[in-house]
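To keep things clear, I will list the structure first and then write my remarks on it.
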Amino acid sequence: MKKLCICLLCLLTCVVSALPCAADTARVWTMNDLGESAQFLPDSQEATFWEWPDLQAGQSRTGTLVLQNTTERTMSVYMNGAWLPFDDRAALTYLNHITLTVKNTDGQMLFHDRYVRLAEWQTEIGELAPQESMTWQVEMHCDFAFDGEPSMPQAITWMFAAVPQGAAPLPVVPPAETPITATILAVAAALVLCGCVALRWKGKSHKNSKKAKKSS
């Protein structure tokens with residue numbers, strides 16, 4: 001009985017250890033508004049299985065990728081391919097045995113090809129309104145013809161880009177203590193008043209000079 005319990009415990013440990021963790025099967029990218037463009041920020045620095053492929057021959061995995069517009073403007077979203085290790089022959093050979101499939105929530109096929117072709121996937125994905133998001137289902141399968149070991153030197157960066165629709169929102173400027181129109185009018189009135197005083201003073205000075213000449 002004791003040996004049976006130990007065997008069951010070992011089996012349970014193996015099963016649990018074989019299960020992929022949630023962070024490995026999900027990724028949320030949010031946007032940071034930079035004015036004329038947007039920066040995508042991941043919710044975690046841990047690479048997902050599609051960012052760091054490690055499938056054995058015949059193995060398949062499925063995950064979820066979410067792009068979320070957390071800015072205050074509508075964004076046009078683009079997929080700009082991915083950085084692949086083109087200088088690593090073993091890695092490229094392995095990625096050529098991986099089939100990558102990306103679908104949206106409606107089941108529409110967005111990408112279905114060998115992983116090495118991901119670098120060429122450059123297209124406009126669509127528009128996202130403020131606080132709107134799009135969800136992709138990412139599937140990967142390593143074909144049975146692969147007879148080596150996964151060889152990936154580093155994680156692969158999927159490159160997204162976004163361009164805002166319309167002009168950048170203007171910053172809110174608090175009203176000045178003295179409105180500019182009132183300031184202009186006040187200055188103009190002061191100039192007119194100074195002009196009147198000057199003319200009046202000039203007139204009096206001219207009269208006084210005439211009286212002085214007559215008396216002399």
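Chain labels follow the order of the structure tokens: the first chain is A, the next B, and so on; residue numbering restarts at 1 in every chain, and ligands are counted from 1 in their shown order.
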- [ ] Identify, on the basis of only C-alpha atoms, every residue whose closest approach to A:His141 does not exceed 12 Å; exclude the query and any residue fewer than 6 positions from it along the same chain; express the result as a PyMOL selection string.
- [x] chain A and resi 49-50+53-62+94-102+112-115
- [ ] Show which residues sit within 8 Å of A:Gln39, as a ChimeraX atom specification. Count only C-alpha atoms, and ignore same-chain residues fewer than 6 positions away.
- [x] /A:31-33,161-162
Write the residues of the selection above to a file with C-alpha atoms, as a tab-separated table (two decimals), in the first residue's frame.
chain	number	residue	atom	x	y	z
A	31	MET	CA	0.04	50.26	-25.72
A	32	ASN	CA	1.91	53.29	-24.50
A	33	ASP	CA	0.99	56.46	-26.44
A	161	ALA	CA	3.50	48.71	-34.32
A	162	ALA	CA	0.64	51.18	-33.98
- [ ] Could you give me, as number ranges by chain, the residues within 12 Å of stretch 121-137 of chain A, counting only C-alpha atoms and dropping anything in the same chain fewer than 4 positions from it?
- [x] A: 25-33, 50, 61-83, 100-117, 158-165
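Atom CA of A:Asp24 is positioned 6.6 Å from atom CA of A:Ala47.
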